[in-house]
Each structure stands twice: as C-alpha cells, then as structure tokens.
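Source file my_file_37.pdb; content: PDB, C-alpha atoms (C1' of nucleotides).
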ATOM      1  CA  MET A 235     -11.524 -19.411   1.166
ATOM      2  CA  GLU A 236     -11.490 -23.236   1.314
ATOM      3  CA  ASP A 237     -13.279 -23.155  -2.037
ATOM      4  CA  VAL A 238     -10.419 -21.205  -3.484
ATOM      5  CA  LEU A 239      -7.850 -23.650  -2.169
ATOM      6  CA  ALA A 240      -9.869 -26.452  -3.725
ATOM      7  CA  LEU A 241      -9.823 -24.547  -6.998
ATOM      8  CA  VAL A 242      -6.066 -24.199  -6.743
ATOM      9  CA  ARG A 243      -5.730 -27.940  -6.268
ATOM     10  CA  GLU A 244      -8.048 -28.621  -9.183
ATOM     11  CA  HIS A 245      -5.653 -26.742 -11.412
ATOM     12  CA  GLY A 246      -2.686 -28.768 -10.334
ATOM     13  CA  GLY A 247      -1.522 -26.283  -7.746
ATOM     14  CA  ARG A 248      -0.379 -27.096  -4.226
ATOM     15  CA  VAL A 249      -1.816 -25.690  -1.052
ATOM     16  CA  THR A 250       1.061 -24.043   0.731
ATOM     17  CA  SER A 251       1.198 -21.880   3.816
ATOM     18  CA  SER A 252       2.065 -18.771   1.805
ATOM     19  CA  ARG A 253      -1.007 -19.267  -0.341
ATOM     20  CA  ARG A 254      -3.170 -19.801   2.682
ATOM     21  CA  LEU A 255      -1.864 -16.716   4.445
ATOM     22  CA  LEU A 256      -2.221 -14.576   1.348
ATOM     23  CA  LEU A 257      -5.831 -15.612   0.943
ATOM     24  CA  GLU A 258      -6.473 -14.860   4.597
ATOM     25  CA  ALA A 259      -5.048 -11.398   4.098
ATOM     26  CA  LEU A 260      -7.271 -10.846   1.082
ATOM     27  CA  PHE A 261     -10.425 -12.090   2.773
ATOM     28  CA  ASP A 262      -9.769 -10.275   6.030
ATOM     29  CA  SER A 263      -9.488  -6.773   4.640
ATOM     30  CA  PRO A 264     -11.315  -6.500   1.378
ATOM     31  CA  GLY A 265     -10.022  -3.045   0.443
ATOM     32  CA  HIS A 266      -7.449  -2.084  -2.147
ATOM     33  CA  ARG A 267      -4.141  -3.453  -1.078
ATOM     34  CA  THR A 268      -0.815  -3.281  -2.800
ATOM     35  CA  ALA A 269       1.395  -6.327  -3.084
ATOM     36  CA  GLU A 270       3.674  -4.782  -0.504
ATOM     37  CA  GLU A 271       0.869  -4.260   2.000
ATOM     38  CA  LEU A 272      -0.296  -7.804   1.519
ATOM     39  CA  ALA A 273       3.266  -9.001   2.017
ATOM     40  CA  GLU A 274       3.473  -7.113   5.314
ATOM     41  CA  THR A 275       0.275  -8.707   6.554
ATOM     42  CA  VAL A 276       1.470 -12.140   5.549
ATOM     43  CA  GLN A 277       4.919 -11.555   6.980
ATOM     44  CA  ALA A 278       3.443 -10.632  10.345
ATOM     45  CA  GLN A 279       2.713 -14.337  10.664
ATOM     46  CA  ALA A 280       5.500 -15.801   8.544
ATOM     47  CA  PRO A 281       8.382 -13.353   8.179
ATOM     48  CA  ASP A 282      10.243 -15.507   5.681
ATOM     49  CA  ILE A 283       7.711 -15.233   2.909
ATOM     50  CA  ALA A 284       9.254 -13.230   0.104
ATOM     51  CA  LEU A 285       7.635 -10.444  -1.839
ATOM     52  CA  SER A 286       8.224 -12.352  -5.048
ATOM     53  CA  THR A 287       6.156 -15.219  -3.682
ATOM     54  CA  ILE A 288       3.306 -12.771  -3.067
ATOM     55  CA  TYR A 289       3.526 -11.582  -6.646
ATOM     56  CA  ARG A 290       3.638 -15.120  -7.984
ATOM     57  CA  ASN A 291       0.662 -16.182  -5.929
ATOM     58  CA  LEU A 292      -1.337 -13.091  -6.811
ATOM     59  CA  GLU A 293      -0.666 -13.791 -10.459
ATOM     60  CA  GLU A 294      -1.880 -17.349 -10.066
ATOM     61  CA  LEU A 295      -5.003 -16.307  -8.177
ATOM     62  CA  GLU A 296      -5.706 -13.780 -10.891
ATOM     63  CA  LYS A 297      -5.451 -16.493 -13.538
ATOM     64  CA  LEU A 298      -8.022 -18.490 -11.575
ATOM     65  CA  GLY A 299     -10.334 -15.481 -11.484
ATOM     66  CA  VAL A 300     -10.257 -15.136  -7.714
ATOM     67  CA  VAL A 301      -8.350 -11.883  -7.567
ATOM     68  CA  VAL A 302      -8.129  -8.818  -9.793
ATOM     69  CA  HIS A 303      -5.759  -5.917  -9.703
ATOM     70  CA  SER A 304      -6.513  -2.311 -10.561
ATOM     71  CA  HIS A 305      -4.347   0.663 -11.300
ATOM     72  CA  LEU A 306      -5.405   3.658  -9.303
ATOM     73  CA  GLY A 307      -3.284   6.241 -11.026
ATOM     74  CA  HIS A 308       0.457   6.252 -10.555
ATOM     75  CA  GLY A 309       2.128   4.060  -8.014
ATOM     76  CA  PRO A 310       1.728   0.387  -7.301
ATOM     77  CA  ALA A 311      -1.226  -1.715  -8.450
ATOM     78  CA  THR A 312      -3.847  -2.706  -5.902
ATOM     79  CA  TYR A 313      -5.288  -6.165  -5.514
ATOM     80  CA  HIS A 314      -8.633  -7.347  -4.255
ATOM     81  CA  LEU A 315     -11.065 -10.237  -4.514
ATOM     82  CA  SER A 316     -12.852 -10.205  -7.821
ATOM     83  CA  GLU A 317     -16.313 -10.445  -6.232
ATOM     84  CA  GLY A 318     -16.259  -6.865  -5.066
ATOM     85  CA  ALA A 319     -14.832  -5.382  -8.256
ATOM     86  CA  HIS A 320     -15.985  -1.897  -9.145
ATOM     87  CA  CYS A 321     -14.794   1.178 -10.931
ATOM     88  CA  HIS A 322     -12.939   3.962  -9.164
ATOM     89  CA  PHE A 323     -12.731   7.689  -9.430
ATOM     90  CA  VAL A 324      -9.316   8.706  -8.181
ATOM     91  CA  CYS A 325      -8.337  12.279  -7.405
ATOM     92  CA  GLN A 326      -5.149  13.338  -9.179
ATOM     93  CA  ASP A 327      -4.318  15.789  -6.422
ATOM     94  CA  CYS A 328      -5.007  13.969  -3.180
ATOM     95  CA  GLY A 329      -5.215  10.367  -4.346
ATOM     96  CA  THR A 330      -8.565   9.681  -2.729
ATOM     97  CA  ALA A 331     -10.438   6.855  -4.408
ATOM     98  CA  VAL A 332     -14.230   6.864  -4.679
ATOM     99  CA  GLU A 333     -16.006   3.707  -5.680
ATOM    100  CA  ALA A 334     -18.308   4.322  -8.599
ATOM    101  CA  PRO A 335     -21.406   2.199  -9.182
ATOM    102  CA  ASP A 336     -21.492   0.390 -12.510
ATOM    103  CA  GLU A 337     -24.743   1.974 -13.623
ATOM    104  CA  LEU A 338     -22.960   5.277 -14.047
ATOM    105  CA  PHE A 339     -21.185   3.760 -17.008
ATOM    106  CA  THR A 340     -24.059   2.175 -18.881
ATOM    107  CA  THR A 341     -24.517   5.106 -21.273
ATOM    108  CA  LEU A 342     -20.821   5.238 -22.029
ATOM    109  CA  ALA A 343     -20.569   1.463 -22.300
ATOM    110  CA  ASP A 344     -23.479   1.335 -24.733
ATOM    111  CA  ALA A 345     -22.111   4.137 -26.869
ATOM    112  CA  ALA A 346     -18.657   2.557 -27.004
ATOM    113  CA  ARG A 347     -20.122  -0.801 -27.948
ATOM    114  CA  ASP A 348     -22.527   0.561 -30.537
ATOM    115  CA  ARG A 349     -20.157   2.954 -32.203
ATOM    116  CA  TYR A 350     -16.813   1.213 -31.922
ATOM    117  CA  GLY A 351     -17.608  -2.379 -31.044
ATOM    118  CA  PHE A 352     -15.504  -1.666 -27.988
ATOM    119  CA  GLU A 353     -16.398  -3.321 -24.698
ATOM    120  CA  ILE A 354     -15.104  -1.086 -21.944
ATOM    121  CA  ASP A 355     -13.738  -2.456 -18.706
ATOM    122  CA  THR A 356     -13.798   0.342 -16.208
ATOM    123  CA  ARG A 357     -12.568  -1.786 -13.369
ATOM    124  CA  HIS A 358      -9.000  -2.406 -14.279
ATOM    125  CA  PHE A 359      -7.926   1.183 -14.648
ATOM    126  CA  ALA A 360      -9.334   3.950 -12.512
ATOM    127  CA  ILE A 361     -10.827   7.090 -13.984
ATOM    128  CA  LEU A 362      -8.829  10.067 -12.837
ATOM    129  CA  GLY A 363      -9.974  13.568 -12.127
ATOM    130  CA  ARG A 364     -10.336  15.990  -9.284
ATOM    131  CA  CYS A 365     -12.451  15.453  -6.191
ATOM    132  CA  ALA A 366     -14.879  17.962  -4.726
ATOM    133  CA  ASN A 367     -12.471  18.931  -1.989
ATOM    134  CA  CYS A 368      -9.502  19.616  -4.228
ATOM    135  CA  ARG A 369     -11.651  21.481  -6.753
ATOM    136  CA  LYS A 370     -12.538  23.960  -4.009
ATOM    137  CA  GLY A 371      -8.851  24.722  -3.760
ATOM    138  CA  ASN A 372      -8.311  22.906  -0.509
ATOM    139  CA  GLU A 373      -5.005  21.395   0.409
ATOM    140  CA  PRO A 374      -4.736  17.899  -1.011
TER     141      PRO A 374
ATOM    142  CA  MET B 224       6.751  25.884 -32.900
ATOM    143  CA  GLU B 225       8.509  29.278 -32.768
ATOM    144  CA  ASP B 226       5.657  30.390 -30.497
ATOM    145  CA  VAL B 227       6.536  27.639 -28.102
ATOM    146  CA  LEU B 228      10.201  28.601 -28.048
ATOM    147  CA  ALA B 229       9.148  32.168 -27.332
ATOM    148  CA  LEU B 230       7.030  30.874 -24.472
ATOM    149  CA  VAL B 231      10.009  28.955 -23.131
ATOM    150  CA  ARG B 232      12.082  32.134 -23.184
ATOM    151  CA  GLU B 233       9.318  34.101 -21.487
ATOM    152  CA  HIS B 234       9.532  31.711 -18.571
ATOM    153  CA  GLY B 235      13.250  32.168 -18.164
ATOM    154  CA  GLY B 236      14.169  29.100 -20.178
ATOM    155  CA  ARG B 237      16.874  28.886 -22.825
ATOM    156  CA  VAL B 238      16.380  27.795 -26.382
ATOM    157  CA  THR B 239      18.708  24.874 -26.873
ATOM    158  CA  SER B 240      19.146  22.463 -29.724
ATOM    159  CA  SER B 241      17.695  19.578 -27.750
ATOM    160  CA  ARG B 242      14.563  21.574 -27.086
ATOM    161  CA  ARG B 243      14.271  22.547 -30.698
ATOM    162  CA  LEU B 244      14.711  18.982 -31.923
ATOM    163  CA  LEU B 245      12.242  17.607 -29.404
ATOM    164  CA  LEU B 246       9.626  20.111 -30.505
ATOM    165  CA  GLU B 247      10.261  19.207 -34.124
ATOM    166  CA  ALA B 248       9.725  15.566 -33.296
ATOM    167  CA  LEU B 249       6.475  16.401 -31.537
ATOM    168  CA  PHE B 250       5.155  18.609 -34.325
ATOM    169  CA  ASP B 251       6.242  16.276 -37.105
ATOM    170  CA  SER B 252       4.385  13.195 -35.946
ATOM    171  CA  PRO B 253       1.475  14.157 -33.789
ATOM    172  CA  GLY B 254       0.619  10.659 -32.619
ATOM    173  CA  HIS B 255       1.214   9.049 -29.250
ATOM    174  CA  ARG B 256       4.913   8.755 -28.741
ATOM    175  CA  THR B 257       6.812   7.420 -25.789
ATOM    176  CA  ALA B 258       9.789   9.276 -24.388
ATOM    177  CA  GLU B 259      12.011   6.604 -25.851
ATOM    178  CA  GLU B 260      10.550   6.961 -29.336
ATOM    179  CA  LEU B 261      10.952  10.702 -29.176
ATOM    180  CA  ALA B 262      14.524  10.234 -28.033
ATOM    181  CA  GLU B 263      15.220   8.014 -31.040
ATOM    182  CA  THR B 264      13.850  10.610 -33.422
ATOM    183  CA  VAL B 265      15.889  13.331 -31.784
ATOM    184  CA  GLN B 266      18.993  11.170 -31.652
ATOM    185  CA  ALA B 267      18.768  10.530 -35.375
ATOM    186  CA  GLN B 268      19.911  14.121 -35.750
ATOM    187  CA  ALA B 269      21.921  14.564 -32.566
ATOM    188  CA  PRO B 270      23.034  11.221 -31.157
ATOM    189  CA  ASP B 271      24.448  12.718 -27.985
ATOM    190  CA  ILE B 272      21.155  13.890 -26.563
ATOM    191  CA  ALA B 273      20.376  11.812 -23.508
ATOM    192  CA  LEU B 274      17.082  10.221 -22.609
ATOM    193  CA  SER B 275      17.072  12.115 -19.347
ATOM    194  CA  THR B 276      17.184  15.377 -21.287
ATOM    195  CA  ILE B 277      14.113  14.282 -23.203
ATOM    196  CA  TYR B 278      12.313  13.573 -19.950
ATOM    197  CA  ARG B 279      13.378  16.901 -18.458
ATOM    198  CA  ASN B 280      12.269  18.819 -21.510
ATOM    199  CA  LEU B 281       8.981  16.998 -21.756
ATOM    200  CA  GLU B 282       8.338  17.841 -18.128
ATOM    201  CA  GLU B 283       9.066  21.485 -18.769
ATOM    202  CA  LEU B 284       6.859  21.581 -21.870
ATOM    203  CA  GLU B 285       4.113  19.962 -19.885
ATOM    204  CA  LYS B 286       4.416  22.642 -17.219
ATOM    205  CA  LEU B 287       4.007  25.258 -19.941
ATOM    206  CA  GLY B 288       0.887  23.513 -21.184
ATOM    207  CA  VAL B 289       2.346  22.659 -24.588
ATOM    208  CA  VAL B 290       2.525  18.918 -24.100
ATOM    209  CA  VAL B 291       0.486  16.374 -22.174
ATOM    210  CA  HIS B 292       1.168  12.761 -21.437
ATOM    211  CA  SER B 293      -1.323   9.929 -21.195
ATOM    212  CA  HIS B 294      -1.133   6.444 -19.825
ATOM    213  CA  LEU B 295      -2.471   3.941 -22.300
ATOM    214  CA  GLY B 296      -2.564   0.906 -20.092
ATOM    215  CA  HIS B 297       0.614  -0.767 -19.013
ATOM    216  CA  GLY B 298       3.961   0.251 -20.358
ATOM    217  CA  PRO B 299       5.491   3.655 -20.884
ATOM    218  CA  ALA B 300       3.541   6.911 -20.937
ATOM    219  CA  THR B 301       2.887   8.566 -24.289
ATOM    220  CA  TYR B 302       3.373  12.243 -25.014
ATOM    221  CA  HIS B 303       1.677  14.529 -27.503
ATOM    222  CA  LEU B 304       0.860  18.157 -28.117
ATOM    223  CA  SER B 305      -1.915  19.326 -25.861
ATOM    224  CA  GLU B 306      -3.968  20.771 -28.735
ATOM    225  CA  GLY B 307      -4.995  17.364 -29.950
ATOM    226  CA  ALA B 308      -5.786  15.917 -26.528
ATOM    227  CA  HIS B 309      -8.562  13.350 -26.432
ATOM    228  CA  CYS B 310      -9.637  10.288 -24.547
ATOM    229  CA  HIS B 311      -8.594   6.801 -25.603
ATOM    230  CA  PHE B 312     -10.113   3.385 -25.623
ATOM    231  CA  VAL B 313      -7.283   0.909 -25.452
ATOM    232  CA  CYS B 314      -7.669  -2.793 -26.079
ATOM    233  CA  GLN B 315      -6.255  -4.927 -23.281
ATOM    234  CA  ASP B 316      -5.487  -7.756 -25.669
ATOM    235  CA  CYS B 317      -3.937  -6.140 -28.705
ATOM    236  CA  GLY B 318      -3.063  -2.692 -27.407
ATOM    237  CA  THR B 319      -4.837  -0.826 -30.182
ATOM    238  CA  ALA B 320      -5.879   2.681 -29.166
ATOM    239  CA  VAL B 321      -9.062   4.261 -30.465
ATOM    240  CA  GLU B 322      -9.579   7.972 -30.015
ATOM    241  CA  ALA B 323     -12.879   8.681 -28.362
ATOM    242  CA  PRO B 324     -14.733  11.960 -28.884
ATOM    243  CA  ASP B 325     -15.365  13.930 -25.717
ATOM    244  CA  GLU B 326     -19.135  13.997 -26.166
ATOM    245  CA  LEU B 327     -19.245  10.302 -25.372
ATOM    246  CA  PHE B 328     -18.366  11.193 -21.812
ATOM    247  CA  THR B 329     -20.780  14.017 -21.110
ATOM    248  CA  THR B 330     -23.350  11.802 -19.430
ATOM    249  CA  LEU B 331     -20.743  10.181 -17.236
ATOM    250  CA  ALA B 332     -19.053  13.505 -16.517
ATOM    251  CA  ASP B 333     -22.338  15.083 -15.482
ATOM    252  CA  ALA B 334     -23.279  12.174 -13.262
ATOM    253  CA  ALA B 335     -19.872  12.160 -11.577
ATOM    254  CA  ARG B 336     -20.031  15.904 -10.994
ATOM    255  CA  ASP B 337     -23.622  15.937  -9.741
ATOM    256  CA  ARG B 338     -23.390  12.933  -7.490
ATOM    257  CA  TYR B 339     -19.818  13.063  -6.233
ATOM    258  CA  GLY B 340     -18.583  16.556  -7.016
ATOM    259  CA  PHE B 341     -15.944  14.722  -8.999
ATOM    260  CA  GLU B 342     -14.623  16.284 -12.190
ATOM    261  CA  ILE B 343     -13.399  13.469 -14.388
ATOM    262  CA  ASP B 344     -10.387  13.829 -16.657
ATOM    263  CA  THR B 345     -10.620  11.108 -19.237
ATOM    264  CA  ARG B 346      -7.567  12.238 -21.123
ATOM    265  CA  HIS B 347      -4.786  11.416 -18.779
ATOM    266  CA  PHE B 348      -5.587   7.769 -18.319
ATOM    267  CA  ALA B 349      -7.040   5.659 -21.074
ATOM    268  CA  ILE B 350     -10.166   3.568 -20.649
ATOM    269  CA  LEU B 351      -9.356  -0.059 -21.153
ATOM    270  CA  GLY B 352     -11.466  -2.808 -22.591
ATOM    271  CA  ARG B 353     -11.600  -5.121 -25.541
ATOM    272  CA  CYS B 354     -11.830  -4.048 -29.160
ATOM    273  CA  ALA B 355     -14.264  -5.435 -31.732
ATOM    274  CA  ASN B 356     -11.592  -7.576 -33.321
ATOM    275  CA  CYS B 357     -10.384  -9.237 -30.148
ATOM    276  CA  ARG B 358     -13.925  -9.778 -28.912
ATOM    277  CA  LYS B 359     -14.559 -11.894 -31.992
ATOM    278  CA  GLY B 360     -11.803 -14.149 -30.802
ATOM    279  CA  ASN B 361      -9.285 -13.061 -33.389
ATOM    280  CA  GLU B 362      -5.592 -13.156 -32.749
ATOM    281  CA  PRO B 363      -4.498 -10.002 -30.978
TER     282      PRO B 363
ATOM    283  C1'  DG C  66      29.432  35.950 -15.745
ATOM    284  C1'  DT C  67      25.016  34.155 -14.179
ATOM    285  C1'  DG C  68      22.426  30.469 -13.924
ATOM    286  C1'  DC C  69      19.846  27.353 -16.859
ATOM    287  C1'  DT C  70      20.830  22.994 -19.272
ATOM    288  C1'  DT C  71      23.237  18.996 -20.404
ATOM    289  C1'  DG C  72      25.450  14.073 -20.468
ATOM    290  C1'  DC C  73      26.592  10.578 -17.702
ATOM    291  C1'  DA C  74      25.916   7.319 -14.308
ATOM    292  C1'  DA C  75      23.668   5.893 -10.631
ATOM    293  C1'  DA C  76      19.324   5.508  -8.013
ATOM    294  C1'  DC C  77      14.506   4.907  -7.781
ATOM    295  C1'  DG C  78      10.058   1.983  -7.026
ATOM    296  C1'  DT C  79       7.571  -1.736  -8.789
ATOM    297  C1'  DT C  80       7.600  -6.028 -10.747
ATOM    298  C1'  DT C  81       9.779 -10.117 -12.946
ATOM    299  C1'  DT C  82      13.049 -13.764 -13.370
ATOM    300  C1'  DG C  83      16.843 -17.566 -12.707
ATOM    301  C1'  DC C  84      18.256 -20.756  -9.789
ATOM    302  C1'  DA C  85      19.031 -24.380  -6.318
ATOM    303  C1'  DG C  86      16.794 -26.222  -2.556
ATOM    304  C1'  DA C  87      12.289 -27.378  -0.114
ATOM    305  C1'  DC C  88       7.948 -28.700  -0.199
ATOM    306  C1'  DT C  89       3.063 -30.918  -1.493
ATOM    307  C1'  DC C  90       0.872 -34.613  -3.130
TER     308       DC C  90
ATOM    309  C1'  DG D  59       9.586 -39.335  -6.545
ATOM    310  C1'  DA D  60       7.510 -36.060  -9.771
ATOM    311  C1'  DG D  61       6.575 -31.798 -10.196
ATOM    312  C1'  DT D  62       5.262 -27.542  -7.933
ATOM    313  C1'  DC D  63       6.695 -23.836  -4.957
ATOM    314  C1'  DT D  64       9.914 -21.139  -2.402
ATOM    315  C1'  DG D  65      13.689 -17.656  -0.812
ATOM    316  C1'  DC D  66      17.225 -15.143  -2.360
ATOM    317  C1'  DA D  67      19.527 -12.204  -5.296
ATOM    318  C1'  DA D  68      19.725 -10.015  -9.405
ATOM    319  C1'  DA D  69      17.630  -8.095 -13.345
ATOM    320  C1'  DA D  70      14.119  -5.620 -15.797
ATOM    321  C1'  DC D  71      11.409  -1.557 -16.668
ATOM    322  C1'  DG D  72      10.342   3.312 -17.055
ATOM    323  C1'  DT D  73      11.616   7.239 -14.817
ATOM    324  C1'  DT D  74      14.135  10.490 -11.726
ATOM    325  C1'  DT D  75      18.130  12.560  -9.668
ATOM    326  C1'  DG D  76      23.082  14.313  -8.378
ATOM    327  C1'  DC D  77      26.826  16.171 -10.208
ATOM    328  C1'  DA D  78      30.320  18.707 -12.697
ATOM    329  C1'  DA D  79      30.965  20.546 -17.178
ATOM    330  C1'  DG D  80      28.768  23.269 -20.972
ATOM    331  C1'  DC D  81      25.987  26.555 -23.035
ATOM    332  C1'  DA D  82      22.439  30.561 -23.830
ATOM    333  C1'  DC D  83      21.807  34.950 -22.740
TER     334       DC D  83
END
Whole structure given in structure tokens:
Amino acid sequence: MEDVLALVREHGGRVTSSRRLLLEALFDSPGHRTAEELAETVQAQAPDIALSTIYRNLEELEKLGVVVHSHLGHGPATYHLSEGAHCHFVCQDCGTAVEAPDELFTTLADAARDRYGFEIDTRHFAILGRCANCRKGNEP
Amino acid sequence: MEDVLALVREHGGRVTSSRRLLLEALFDSPGHRTAEELAETVQAQAPDIALSTIYRNLEELEKLGVVVHSHLGHGPATYHLSEGAHCHFVCQDCGTAVEAPDELFTTLADAARDRYGFEIDTRHFAILGRCANCRKGNEP
DNA sequence: GTGCTTGCAAACGTTTTGCAGACTC
DNA sequence: GAGTCTGCAAAACGTTTGCAAGCAC
C-alpha cells in the first residue's frame, strides 16, 4: 500500500487523498469490484470524489501494474490487485464466477503457442459457460 | 436463406425487406460483422433501414438459432451465421482474430466439467492474448 | 383487420473527455 | 510556481426501448 504510493511518486504522480482511499478500498476487499462499487466505498469516506476520478486513478494504477481489470461477461468491468489475478469461469445464466487455477490452461496455452504462436491471457476476459446448478435446470 | 425465411414465418414472424436484406448480408460475407457493418451493407440497398431494426432482427434470428454473436474483446459484438461458429483467439495489441478449432479445448472442457461441473462455451467470448507478430515486438 | 414490424428519437449503462479551479511537491 | 489532479458536466459508445405509423398476412 505504501509501496504503491511510492511507486506512484516515482512515476511523477502525486499522492492525493482519492488515490489513498482507492488503494485502501482495493486492499481491504480483494474481490472483483466494479468502478462503481469502488467509488461507493471511497465515497463513504469522502463523498465528493467523482466517479471519473476513480476511473482515472484505476487507469493509472493499471499502467503501473498494480491493478488489473477483467471482463466477466456483459456488464461493467471488475478491478482487482494484480497479485491475485486468475482466470474465471462465469455462468451465462446466473452470473456466478468461479476462479479457475492456471494449471487448467497449460494444455491449451501450449497448443496455442505451438500451433499459432499465440500467447493466451485467460485473465483479462472470463471464459463463459454454464455452471453445474444451471445445467441441472435450476433457477438461475 | 429461403429456409430461414420459412422458419421466421413458422414462428409467426413476417418476411419483410429488411429481414431479407439482412440475411443476404449475412450469407454473402460470412465473416465477423458488427451490427453497424451489417447496417451499412443493408443500407447500401435500402438507406431507410434503421440500425435499431438491424439489432431487432439480429436478436430474432439469434432466438431462432440462425445467428450467433461473439464478443471479440472490447468494442462492438460481431454477428455471424451459427453454422460456422468457432472459438477465437484475439490479439490484445492488434485486434487480429484467429479461429481456433474446437479440439484445442477438449482438455480444458473436460477438466472444467469434471472438476467444477462447468460446461464451457468458448464461442461466445473470445480468448484474448498476444499474437506471434506482436510478441516479436512488431508494430500492431 | 390483426398484430407484427418499422423509423425515429430518446434513453440506457459504462466509460471517457474538456475544462477551470485546486492541489501536491 | 510548475505541473499534476480534481469535480463537474457533457460527450462518447454500443445497444435498447417507447411510440405512432406502416406493412405482411
């Protein structure tokens, strides 16, 4: 957290209260949070911080490699610290996201690299499908 | 093409010129086309057809199973006939889409099903990454 | 004539941007 | 004081919707 602020300063950025509060929000609940959710958390302490500031700061933190965003299907992107990045299976029916360990993708990653020279990045976009529950015909 | 129009009629739909032209556009160039591109093609012959009509007709054709749409990263969704559905590798840097044969995903699909009961659908959302060219450091 | 379909315009949700003022260093 | 950062409002983007008129059947 302080390391990140130091990194910001190193890159010519200023340490402002909105940046500090945003980082707190990210460190405090390391799940998948949309920009709007993060804004709410931040605004609980400083109601004047605008959503556009959140977006601008998230963008900057992403440039510094501290934060990544993923697209879990339709709807808003979710942001989280880059340390805990992982791939997701997201159910098209109920929206539930399951975290998928990287080793599941080694065969696919190898095949894509060998046959197409393509290095897959399964973290940025989720893999969609249907979860066990919804496949049984349950209500989403 | 006439089969599809018959199918539309079977489901209580009417055969209109916008539907006919949209289907022509889809059959003529079977690539990945955004709603806007399809609208342009249609509007070349009938300039009054609105974009919203294209969206409504694509939705209806999707309900009938004739058309599917995929999300190839950021930007607009792309539509194509469902016959030729396949998964895509899309380069995050240059946007190039490579069609990936389904067999590449059998290992992953089996693992997801066995371990999570999750049935993956690799066609609706592309898998992102970096293509051979961009990995070499070439200009996107 | 019934009722599906259309064009238009306006709304939607998410994200980006332009600007003048406020802040960090 | 230089240069970054901010709030606000407005725009951008792809897509959806409400409505009255128009068309297929």
Within 12 Å of chain B, which residues of chain C show up? Give each one with its shortest atom-to-atom distance in Å (one decimal) and the two atoms involved, counting all atoms listed in the file, rows by chain then rising residue number, as CSV.
residue,atom,partner,partner_atom,distance
C:DG68,C1',B:Gly235,CA,10.3
C:DC69,C1',B:Gly236,CA,6.8
C:DT70,C1',B:Arg237,CA,7.9
C:DT71,C1',B:Thr276,CA,7.1
C:DG72,C1',B:Ala273,CA,6.3
C:DC73,C1',B:Ala273,CA,8.6
C:DA74,C1',B:Ser275,CA,11.3
- Message: I need the contact residues of chain D against chain B, so if you could list those with any atom within 8 Å, counting only C-alpha atoms (C1' of nucleotides), and return them as a PyMOL selection string, that would help.
- Response: chain D and resi 72+82-83
Could the residues of chain B that have an atom at most 6 Å from chain A be listed as CSV, each with its closest atom pair and the distance in Å to one decimal, counting only C-alpha atoms and ordered by chain and ascending residue number?
residue,atom,partner,partner_atom,distance
B:Gly340,CA,A:Ala366,CA,4.6
B:Phe341,CA,A:Cys365,CA,4.5
B:Glu342,CA,A:Arg364,CA,5.2
B:Ile343,CA,A:Gly363,CA,4.1
B:Asp344,CA,A:Gly363,CA,4.6
B:Leu351,CA,A:Asp355,CA,5.6
B:Gly352,CA,A:Ile354,CA,4.1
B:Arg353,CA,A:Glu353,CA,5.2
B:Cys354,CA,A:Phe352,CA,4.5
B:Ala355,CA,A:Gly351,CA,4.6
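Using the PyMOL selection byres ((chain C and resi 75) around 12) on this structure selects DC73, DA74, DA76 and DC77 of chain C; DT74, DT75, DG76 and DC77 of chain D.
Put simply, atom CA of Gln268 of chain B is 25.0 Å away from atom CA of Leu287 of chain B.
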- Query: In Å, how far is it from atom CA of Val302 of chain A to atom C1' of DT62 of chain D?
  - Reply: 23.1 Å
- Message: Please report the interatomic distance between atom CA of Ala273 of chain A and atom CA of Ile288 of chain A in Å with one decimal.
- Response: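 Separating atom CA of Ala273 of chain A from atom CA of Ile288 of chain A is a distance of 6.3 Å.
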- Expansion of the PyMOL selection byres ((chain C and resi 85) around 12) into residues, as JSON, numbers by chain: {"C": [83, 84, 86, 87], "D": [64, 65, 66]}
Determine the residue membership of the PyMOL selection byres ((chain B and resi 244) around 9) for the file above and supply it as a PDB file with C-alpha atoms, keeping the file's coordinate frame.
ATOM      1  CA  THR B 239      18.708  24.874 -26.873  1.00  0.00           C
ATOM      2  CA  SER B 240      19.146  22.463 -29.724  1.00  0.00           C
ATOM      3  CA  SER B 241      17.695  19.578 -27.750  1.00  0.00           C
ATOM      4  CA  ARG B 242      14.563  21.574 -27.086  1.00  0.00           C
ATOM      5  CA  ARG B 243      14.271  22.547 -30.698  1.00  0.00           C
ATOM      6  CA  LEU B 245      12.242  17.607 -29.404  1.00  0.00           C
ATOM      7  CA  LEU B 246       9.626  20.111 -30.505  1.00  0.00           C
ATOM      8  CA  GLU B 247      10.261  19.207 -34.124  1.00  0.00           C
ATOM      9  CA  ALA B 248       9.725  15.566 -33.296  1.00  0.00           C
ATOM     10  CA  LEU B 249       6.475  16.401 -31.537  1.00  0.00           C
ATOM     11  CA  THR B 264      13.850  10.610 -33.422  1.00  0.00           C
ATOM     12  CA  VAL B 265      15.889  13.331 -31.784  1.00  0.00           C
ATOM     13  CA  GLN B 266      18.993  11.170 -31.652  1.00  0.00           C
ATOM     14  CA  GLN B 268      19.911  14.121 -35.750  1.00  0.00           C
ATOM     15  CA  ALA B 269      21.921  14.564 -32.566  1.00  0.00           C
TER      16      ALA B 269
END
